[in-house]
Amino acid sequence: MSALQDFQNRLAKNAKHYAKWAKRVDTEAYRIYDRDIPQYPVAVDVYGGRAHIAEYDTGWQQTDEEHAAWVAEVRTTVAEVLGMPPKTIAFKIRRRQKGEFQYSRTGHHSEHFVVEEQGRKFWVNLDEYLDTGLFLDHRPTRKRVAEEAEGKRFLNLFAYTGSFTVYAATGGASSSVTVDLSNTYQDWSKRNFELNGLDMQRHQLVRADVFRYLETAIDEGQLFDLIVMDPPSFSNSAKMLDILDVQRDHVQLVNSCLKLLMPGGVLYFSNNLRGFELDDSLKTRCRDISAQSVPEDFRNRKIHQCFRFQTQA
């Protein structure tokens, strides 16, 4: 059997299995394939009636013509197996990048559309940005936040498009503050809030450098019951005063968050830096919940690490 046939068969088997699974967990957005066959190093995610393919940078030496032919083969195969028109299949070439990659456009124009997840709705865009607007690997933690949010004051740091806030607010949070440096993603968060009927009087959007926001919030004596912080691995955004390196800076960030927590308050801190090591000074103060926070549809169990801190009541 050829590698292409292996790819087709695995894709078909996974698609059938995860379509049933997705109905059980109530989501239209989920992963069906992740580098299962070595010759096809891509991740394939379903978003409603569309699909998103992200190529991993393997360092393979291919001519432009060879690569274009391979990309066409992958797209055609995914479209045929999933029964989707080729125009609904987005393909991203993933390069290992540092810096402002999360905030950069791909140069392709694409329409936003809505997907549903566990009773919430989110705007996504499969082509225009390097990320789609919804990180699928955080689905279990979003659900956990919603279950803990009733009556809580919620803070979302490095908020991206605000999905954690949507879960907290629809879970009954009394108020929230959503912090991100990007105007693009703050506007996206606002549209997600409106889509889910959030009261914008109680759910505040703050465009700020998280380091500066934390300093100010501590000085002002602000307090929260529930905080989520999911920073990028690295950022040298020109809008920031400092370069962010999550391995170097996580102790400062976590300790600052803990100063903002009410007694008995909870911080969820996650990141997707490969090889990330939590500082020894923090290990006894939290629980590593990564085994529970990575969802079943992710074959890569190391897609992120997630830690739950709770202050003494």
# chains A, B, ... in the order shown; residues from 1 in each chain; ligands from 1
$ residues_around --residues "region 286-291 of chain A" --least-positions-apart "2" --cutoff "8 Å" --atoms "only C-alpha atoms" --output "tab-separated table (two decimals) with N, CA and C atoms, in the first residue's frame"
chain	number	residue	atom	x	y	z
A	282	LEU	N	7.73	27.44	41.78
A	282	LEU	CA	6.27	27.43	41.56
A	282	LEU	C	5.67	26.03	41.67
A	283	LYS	N	6.50	25.00	41.62
A	283	LYS	CA	5.97	23.64	41.49
A	283	LYS	C	5.11	23.20	42.67
A	284	THR	N	5.47	23.63	43.87
A	284	THR	CA	4.70	23.20	45.04
A	284	THR	C	3.42	24.02	45.23
A	293	SER	N	-6.08	18.57	30.46
A	293	SER	CA	-6.41	19.75	29.67
A	293	SER	C	-6.22	19.55	28.17
A	294	VAL	N	-5.40	18.58	27.76
A	294	VAL	CA	-5.24	18.29	26.33
A	294	VAL	C	-6.40	17.39	25.90
A	301	ARG	N	0.07	14.85	22.70
A	301	ARG	CA	-0.30	15.15	24.09
A	301	ARG	C	0.56	16.26	24.68
A	304	HIS	N	0.37	21.49	24.68
A	304	HIS	CA	0.52	22.58	25.64
A	304	HIS	C	0.76	21.98	27.03
A	305	GLN	N	1.15	22.86	27.96
A	305	GLN	CA	1.18	22.51	29.38
A	305	GLN	C	0.25	23.47	30.10
A	306	CYS	N	-0.45	22.95	31.11
A	306	CYS	CA	-1.42	23.78	31.84
A	306	CYS	C	-1.31	23.51	33.33
A	307	PHE	N	-1.30	24.59	34.12
A	307	PHE	CA	-1.11	24.49	35.57
A	307	PHE	C	-2.23	25.25	36.28
A	308	ARG	N	-2.71	24.67	37.38
A	308	ARG	CA	-3.77	25.30	38.16
A	308	ARG	C	-3.23	25.72	39.53
A	309	PHE	N	-3.22	27.02	39.77
A	309	PHE	CA	-2.80	27.59	41.05
A	309	PHE	C	-4.04	28.00	41.83
A	310	GLN	N	-4.02	27.80	43.13
A	310	GLN	CA	-5.12	28.27	43.97
A	310	GLN	C	-4.55	28.88	45.25
$ closest_atom_pairs --of "region 108-159 of chain A" --to "region 165-189 of chain A" --cutoff "9 Å" --atoms "only C-alpha atoms" --output "tab-separated table"
residue	atom	partner	partner_atom	distance
A:Arg120	CA	A:Tyr167	CA	7.4
A:Lys121	CA	A:Val166	CA	8.8
A:Phe122	CA	A:Val166	CA	9.0
A:Trp123	CA	A:Trp188	CA	7.7
A:Gly133	CA	A:Trp188	CA	8.2
A:Arg142	CA	A:Tyr167	CA	6.1
A:Lys143	CA	A:Tyr167	CA	6.9
A:Arg144	CA	A:Tyr167	CA	8.9
A:Val145	CA	A:Ala168	CA	5.9
A:Ala146	CA	A:Gly171	CA	4.4
A:Glu147	CA	A:Gly171	CA	6.2
A:Glu148	CA	A:Gly171	CA	7.5
A:Ala149	CA	A:Ala173	CA	4.9
A:Glu150	CA	A:Gly172	CA	4.2
A:Gly151	CA	A:Ser174	CA	4.8
A:Lys152	CA	A:Ala173	CA	4.7
A:Arg153	CA	A:Ser175	CA	5.0
A:Phe154	CA	A:Ser176	CA	4.5
A:Leu155	CA	A:Val177	CA	4.9
A:Asn156	CA	A:Thr178	CA	4.8
A:Leu157	CA	A:Val179	CA	5.0
A:Phe158	CA	A:Asp180	CA	5.0
A:Ala159	CA	A:Asp180	CA	5.4
$ write_last_selection --atoms "N, CA and C atoms" --output "compact mmCIF listing (two decimals), in the first residue's frame"
# COMPACT_ATOMS: atom_id res chain seq x y z
N ARG A 120 -21.50 27.69 22.86
CA ARG A 120 -21.02 29.05 22.56
C ARG A 120 -20.72 29.16 21.07
N LYS A 121 -20.69 30.40 20.60
CA LYS A 121 -20.41 30.66 19.18
C LYS A 121 -19.15 31.51 19.04
N PHE A 122 -18.38 31.23 17.99
CA PHE A 122 -17.13 31.96 17.77
C PHE A 122 -16.92 32.26 16.29
N TRP A 123 -16.45 33.48 16.04
CA TRP A 123 -16.03 33.83 14.69
C TRP A 123 -14.65 33.23 14.43
N GLY A 133 -8.38 31.87 15.11
CA GLY A 133 -9.27 32.59 16.01
C GLY A 133 -9.77 31.75 17.16
N ARG A 142 -11.40 25.64 28.66
CA ARG A 142 -12.51 26.60 28.53
C ARG A 142 -13.74 26.09 29.29
N LYS A 143 -14.03 24.82 29.12
CA LYS A 143 -15.19 24.22 29.81
C LYS A 143 -15.00 24.29 31.33
N ARG A 144 -13.78 24.00 31.77
CA ARG A 144 -13.47 24.05 33.21
C ARG A 144 -13.67 25.46 33.76
N VAL A 145 -13.23 26.46 33.00
CA VAL A 145 -13.40 27.86 33.42
C VAL A 145 -14.89 28.20 33.54
N ALA A 146 -15.69 27.78 32.58
CA ALA A 146 -17.13 28.06 32.64
C ALA A 146 -17.76 27.44 33.88
N GLU A 147 -17.32 26.23 34.22
CA GLU A 147 -17.89 25.53 35.37
C GLU A 147 -17.50 26.18 36.69
N GLU A 148 -16.41 26.95 36.70
CA GLU A 148 -15.94 27.58 37.93
C GLU A 148 -16.27 29.07 38.02
N ALA A 149 -16.92 29.63 37.00
CA ALA A 149 -17.01 31.09 36.87
C ALA A 149 -18.19 31.73 37.59
N GLU A 150 -19.16 30.97 38.02
CA GLU A 150 -20.39 31.54 38.60
C GLU A 150 -20.08 32.57 39.68
N GLY A 151 -20.53 33.81 39.45
CA GLY A 151 -20.37 34.87 40.44
C GLY A 151 -18.96 35.41 40.60
N LYS A 152 -18.04 34.98 39.73
CA LYS A 152 -16.63 35.35 39.89
C LYS A 152 -16.25 36.59 39.07
N ARG A 153 -15.23 37.29 39.56
CA ARG A 153 -14.59 38.35 38.78
C ARG A 153 -13.45 37.70 38.01
N PHE A 154 -13.49 37.82 36.69
CA PHE A 154 -12.61 37.03 35.82
C PHE A 154 -11.63 37.94 35.08
N LEU A 155 -10.38 37.49 34.96
CA LEU A 155 -9.34 38.21 34.22
C LEU A 155 -8.73 37.28 33.19
N ASN A 156 -8.69 37.75 31.93
CA ASN A 156 -8.15 36.97 30.81
C ASN A 156 -6.95 37.72 30.24
N LEU A 157 -5.74 37.15 30.38
CA LEU A 157 -4.50 37.81 29.95
C LEU A 157 -3.93 37.14 28.71
N PHE A 158 -3.36 37.94 27.79
CA PHE A 158 -2.94 37.46 26.47
C PHE A 158 -4.16 36.79 25.82
N ALA A 159 -5.24 37.54 25.75
CA ALA A 159 -6.58 36.96 25.56
C ALA A 159 -6.87 36.48 24.15
$ closest_residue --among "A:Pro41, A:Gly119, A:Pro263, A:Gly197" --to "Thr27 (chain A)" --atoms "only C-alpha atoms"
A:Gly119
$ closest_residue --among "A:Asp297, A:Asp131, A:Pro86, A:Ile303" --to "Trp21 (chain A)" --atoms "only C-alpha atoms"
A:Asp297
$ residues_around --residues "Val254 (chain A)" --least-positions-apart "6" --cutoff "9 Å" --atoms "only C-alpha atoms" --output "PyMOL selection string"
chain A and resi 229+267+269+282
$ residues_around --residues "Lys13 (chain A)" --least-positions-apart "4" --cutoff "12 Å" --atoms "only C-alpha atoms" --output "PyMOL selection string"
chain A and resi 6-9+17-20+32-33+36+81-82
$ write_last_selection --atoms "N, CA, C and O atoms" --output "PDB file, in the first residue's frame"
ATOM      1  N   ASP A   6      -2.295   5.067   2.562  1.00  0.00           N
ATOM      2  CA  ASP A   6      -2.272   5.078   4.036  1.00  0.00           C
ATOM      3  C   ASP A   6      -2.891   6.360   4.570  1.00  0.00           C
ATOM      4  O   ASP A   6      -3.670   6.351   5.527  1.00  0.00           O
ATOM      5  N   PHE A   7      -2.506   7.487   3.962  1.00  0.00           N
ATOM      6  CA  PHE A   7      -3.015   8.800   4.366  1.00  0.00           C
ATOM      7  C   PHE A   7      -4.535   8.863   4.171  1.00  0.00           C
ATOM      8  O   PHE A   7      -5.274   9.289   5.079  1.00  0.00           O
ATOM      9  N   GLN A   8      -5.000   8.426   3.013  1.00  0.00           N
ATOM     10  CA  GLN A   8      -6.440   8.441   2.729  1.00  0.00           C
ATOM     11  C   GLN A   8      -7.201   7.585   3.747  1.00  0.00           C
ATOM     12  O   GLN A   8      -8.224   8.007   4.296  1.00  0.00           O
ATOM     13  N   ASN A   9      -6.685   6.395   3.999  1.00  0.00           N
ATOM     14  CA  ASN A   9      -7.368   5.472   4.913  1.00  0.00           C
ATOM     15  C   ASN A   9      -7.397   6.006   6.341  1.00  0.00           C
ATOM     16  O   ASN A   9      -8.421   5.926   7.031  1.00  0.00           O
ATOM     17  N   HIS A  17     -14.541   8.563  13.101  1.00  0.00           N
ATOM     18  CA  HIS A  17     -14.497   8.427  14.563  1.00  0.00           C
ATOM     19  C   HIS A  17     -14.739   9.767  15.250  1.00  0.00           C
ATOM     20  O   HIS A  17     -15.564   9.873  16.167  1.00  0.00           O
ATOM     21  N   TYR A  18     -14.018  10.815  14.803  1.00  0.00           N
ATOM     22  CA  TYR A  18     -14.095  12.094  15.507  1.00  0.00           C
ATOM     23  C   TYR A  18     -15.372  12.866  15.205  1.00  0.00           C
ATOM     24  O   TYR A  18     -15.780  13.708  16.015  1.00  0.00           O
ATOM     25  N   ALA A  19     -16.005  12.581  14.071  1.00  0.00           N
ATOM     26  CA  ALA A  19     -17.307  13.216  13.810  1.00  0.00           C
ATOM     27  C   ALA A  19     -18.332  12.767  14.859  1.00  0.00           C
ATOM     28  O   ALA A  19     -19.104  13.585  15.387  1.00  0.00           O
ATOM     29  N   LYS A  20     -18.313  11.478  15.181  1.00  0.00           N
ATOM     30  CA  LYS A  20     -19.214  10.955  16.231  1.00  0.00           C
ATOM     31  C   LYS A  20     -18.814  11.522  17.593  1.00  0.00           C
ATOM     32  O   LYS A  20     -19.664  11.920  18.391  1.00  0.00           O
ATOM     33  N   ILE A  32      -8.791  16.091  13.300  1.00  0.00           N
ATOM     34  CA  ILE A  32      -9.003  14.704  12.858  1.00  0.00           C
ATOM     35  C   ILE A  32      -7.710  13.996  12.446  1.00  0.00           C
ATOM     36  O   ILE A  32      -7.704  12.778  12.272  1.00  0.00           O
ATOM     37  N   TYR A  33      -6.624  14.753  12.300  1.00  0.00           N
ATOM     38  CA  TYR A  33      -5.380  14.130  11.843  1.00  0.00           C
ATOM     39  C   TYR A  33      -4.220  15.008  12.299  1.00  0.00           C
ATOM     40  O   TYR A  33      -4.298  16.230  12.211  1.00  0.00           O
ATOM     41  N   ASP A  36      -0.090  11.670  11.494  1.00  0.00           N
ATOM     42  CA  ASP A  36      -0.212  10.226  11.733  1.00  0.00           C
ATOM     43  C   ASP A  36       0.691   9.424  10.788  1.00  0.00           C
ATOM     44  O   ASP A  36       1.251   8.401  11.174  1.00  0.00           O
ATOM     45  N   VAL A  81     -11.908  12.990   0.817  1.00  0.00           N
ATOM     46  CA  VAL A  81     -12.252  12.152   1.967  1.00  0.00           C
ATOM     47  C   VAL A  81     -13.371  12.783   2.798  1.00  0.00           C
ATOM     48  O   VAL A  81     -14.284  12.096   3.260  1.00  0.00           O
ATOM     49  N   LEU A  82     -13.308  14.107   2.977  1.00  0.00           N
ATOM     50  CA  LEU A  82     -14.306  14.778   3.808  1.00  0.00           C
ATOM     51  C   LEU A  82     -15.555  15.177   3.028  1.00  0.00           C
ATOM     52  O   LEU A  82     -16.528  15.644   3.624  1.00  0.00           O
TER      53      LEU A  82
END
$ select_by_dssp --residues "region 44-162 of chain A" --states "helix (DSSP H, G or I)" --output "ChimeraX atom specification"
/A:64-82,86-88,100-103,136-148
$ write_last_selection --atoms "N, CA, C and O atoms" --output "compact mmCIF listing (two decimals), in the first residue's frame"
# COMPACT_ATOMS: atom_id res chain seq x y z
N ASP A 64 10.28 24.06 -5.48
CA ASP A 64 8.98 24.71 -5.41
C ASP A 64 7.92 23.89 -6.15
O ASP A 64 6.77 23.80 -5.69
N GLU A 65 8.32 23.31 -7.28
CA GLU A 65 7.37 22.51 -8.06
C GLU A 65 6.96 21.25 -7.29
O GLU A 65 5.77 20.88 -7.28
N GLU A 66 7.93 20.58 -6.68
CA GLU A 66 7.62 19.37 -5.90
C GLU A 66 6.70 19.70 -4.72
O GLU A 66 5.76 18.96 -4.44
N HIS A 67 7.00 20.80 -4.05
CA HIS A 67 6.19 21.17 -2.90
C HIS A 67 4.77 21.53 -3.33
O HIS A 67 3.79 21.13 -2.68
N ALA A 68 4.64 22.29 -4.41
CA ALA A 68 3.32 22.67 -4.90
C ALA A 68 2.49 21.44 -5.28
O ALA A 68 1.29 21.38 -4.99
N ALA A 69 3.14 20.45 -5.88
CA ALA A 69 2.43 19.22 -6.26
C ALA A 69 1.99 18.45 -5.02
O ALA A 69 0.87 17.91 -4.97
N TRP A 70 2.85 18.42 -4.01
CA TRP A 70 2.51 17.73 -2.76
C TRP A 70 1.36 18.43 -2.04
O TRP A 70 0.42 17.78 -1.56
N VAL A 71 1.40 19.76 -1.98
CA VAL A 71 0.31 20.53 -1.36
C VAL A 71 -1.01 20.25 -2.08
O VAL A 71 -2.04 20.02 -1.44
N ALA A 72 -0.98 20.26 -3.40
CA ALA A 72 -2.20 19.99 -4.18
C ALA A 72 -2.73 18.60 -3.89
O ALA A 72 -3.96 18.41 -3.76
N GLU A 73 -1.83 17.63 -3.75
CA GLU A 73 -2.23 16.25 -3.45
C GLU A 73 -2.91 16.17 -2.07
O GLU A 73 -3.96 15.53 -1.92
N VAL A 74 -2.32 16.86 -1.09
CA VAL A 74 -2.89 16.84 0.26
C VAL A 74 -4.27 17.50 0.26
O VAL A 74 -5.24 16.95 0.81
N ARG A 75 -4.39 18.66 -0.36
CA ARG A 75 -5.67 19.37 -0.40
C ARG A 75 -6.74 18.54 -1.09
O ARG A 75 -7.88 18.43 -0.59
N THR A 76 -6.39 17.96 -2.22
CA THR A 76 -7.35 17.15 -2.97
C THR A 76 -7.81 15.95 -2.15
O THR A 76 -9.00 15.62 -2.10
N THR A 77 -6.85 15.30 -1.49
CA THR A 77 -7.18 14.12 -0.67
C THR A 77 -8.12 14.48 0.47
O THR A 77 -9.12 13.80 0.72
N VAL A 78 -7.82 15.57 1.18
CA VAL A 78 -8.67 15.99 2.30
C VAL A 78 -10.07 16.35 1.80
O VAL A 78 -11.07 15.95 2.40
N ALA A 79 -10.15 17.08 0.69
CA ALA A 79 -11.45 17.46 0.13
C ALA A 79 -12.27 16.22 -0.25
O ALA A 79 -13.47 16.13 0.05
N GLU A 80 -11.62 15.26 -0.89
CA GLU A 80 -12.34 14.04 -1.32
C GLU A 80 -12.79 13.20 -0.14
O GLU A 80 -13.94 12.76 -0.08
N VAL A 81 -11.91 12.99 0.82
CA VAL A 81 -12.25 12.15 1.97
C VAL A 81 -13.37 12.78 2.80
O VAL A 81 -14.28 12.10 3.26
N LEU A 82 -13.31 14.11 2.98
CA LEU A 82 -14.31 14.78 3.81
C LEU A 82 -15.55 15.18 3.03
O LEU A 82 -16.53 15.64 3.62
N PRO A 86 -13.10 21.83 -2.75
CA PRO A 86 -11.72 22.26 -2.52
C PRO A 86 -11.60 23.71 -2.04
O PRO A 86 -10.70 24.02 -1.25
N LYS A 87 -12.51 24.58 -2.45
CA LYS A 87 -12.41 25.99 -2.04
C LYS A 87 -12.67 26.19 -0.54
O LYS A 87 -12.37 27.25 0.01
N THR A 88 -13.24 25.17 0.11
CA THR A 88 -13.49 25.29 1.56
C THR A 88 -12.33 24.73 2.38
O THR A 88 -12.41 24.67 3.61
N GLU A 100 6.20 38.28 16.26
CA GLU A 100 4.80 38.68 16.16
C GLU A 100 4.00 37.77 15.24
O GLU A 100 3.02 38.19 14.65
N PHE A 101 4.42 36.52 15.08
CA PHE A 101 3.76 35.66 14.11
C PHE A 101 2.27 35.53 14.36
O PHE A 101 1.47 35.47 13.44
N GLN A 102 1.88 35.50 15.64
CA GLN A 102 0.47 35.30 15.95
C GLN A 102 -0.38 36.45 15.42
O GLN A 102 -1.53 36.29 15.09
N TYR A 103 0.23 37.63 15.32
CA TYR A 103 -0.52 38.83 14.94
C TYR A 103 -0.37 39.17 13.47
O TYR A 103 -0.78 40.23 13.03
N LEU A 136 -8.07 25.07 19.42
CA LEU A 136 -8.89 23.90 19.71
C LEU A 136 -8.35 23.10 20.90
O LEU A 136 -9.13 22.41 21.58
N ASP A 137 -7.06 23.18 21.17
CA ASP A 137 -6.49 22.38 22.25
C ASP A 137 -6.89 22.87 23.63
O ASP A 137 -6.72 22.17 24.62
N HIS A 138 -7.48 24.08 23.71
CA HIS A 138 -7.89 24.60 25.02
C HIS A 138 -9.37 24.37 25.31
O HIS A 138 -9.89 24.92 26.30
N ARG A 139 -10.03 23.57 24.51
CA ARG A 139 -11.46 23.31 24.71
C ARG A 139 -11.79 22.79 26.12
O ARG A 139 -12.69 23.32 26.77
N PRO A 140 -11.06 21.79 26.66
CA PRO A 140 -11.38 21.31 28.02
C PRO A 140 -11.17 22.37 29.10
O PRO A 140 -11.93 22.44 30.07
N THR A 141 -10.13 23.21 28.95
CA THR A 141 -9.89 24.24 29.96
C THR A 141 -10.95 25.33 29.88
O THR A 141 -11.37 25.88 30.90
N ARG A 142 -11.40 25.64 28.66
CA ARG A 142 -12.51 26.60 28.53
C ARG A 142 -13.74 26.09 29.29
O ARG A 142 -14.40 26.84 30.02
N LYS A 143 -14.03 24.82 29.12
CA LYS A 143 -15.19 24.22 29.81
C LYS A 143 -15.00 24.29 31.33
O LYS A 143 -15.92 24.62 32.08
N ARG A 144 -13.78 24.00 31.77
CA ARG A 144 -13.47 24.05 33.21
C ARG A 144 -13.67 25.46 33.76
O ARG A 144 -14.22 25.63 34.85
N VAL A 145 -13.23 26.46 33.00
CA VAL A 145 -13.40 27.86 33.42
C VAL A 145 -14.89 28.20 33.54
O VAL A 145 -15.32 28.84 34.52
N ALA A 146 -15.69 27.78 32.58
CA ALA A 146 -17.13 28.06 32.64
C ALA A 146 -17.76 27.44 33.88
O ALA A 146 -18.61 28.05 34.54
N GLU A 147 -17.32 26.23 34.22
CA GLU A 147 -17.89 25.53 35.37
C GLU A 147 -17.50 26.18 36.69
O GLU A 147 -18.18 26.01 37.70
N GLU A 148 -16.41 26.95 36.70
CA GLU A 148 -15.94 27.58 37.93
C GLU A 148 -16.27 29.07 38.02
O GLU A 148 -15.94 29.73 39.02
$ atom_distance --atom1 "CA of His203 (chain A)" --atom2 "CA of Ser270 (chain A)"
22.4 Å
$ atom_distance --atom1 "CA of Ile227 (chain A)" --atom2 "CA of Asn196 (chain A)"
20.4 Å
$ closest_residue --among "A:Gly265, A:Ile218, A:Gly49, A:Gly275" --to "Val246 (chain A)" --atoms "only C-alpha atoms"
A:Gly275
$ atom_distance --atom1 "CA of Ala15 (chain A)" --atom2 "CA of Val42 (chain A)"
14.7 Å
$ closest_residue --among "A:Val251, A:Val206, A:Val124, A:Ala22" --to "Glu296 (chain A)" --atoms "only C-alpha atoms"
A:Ala22
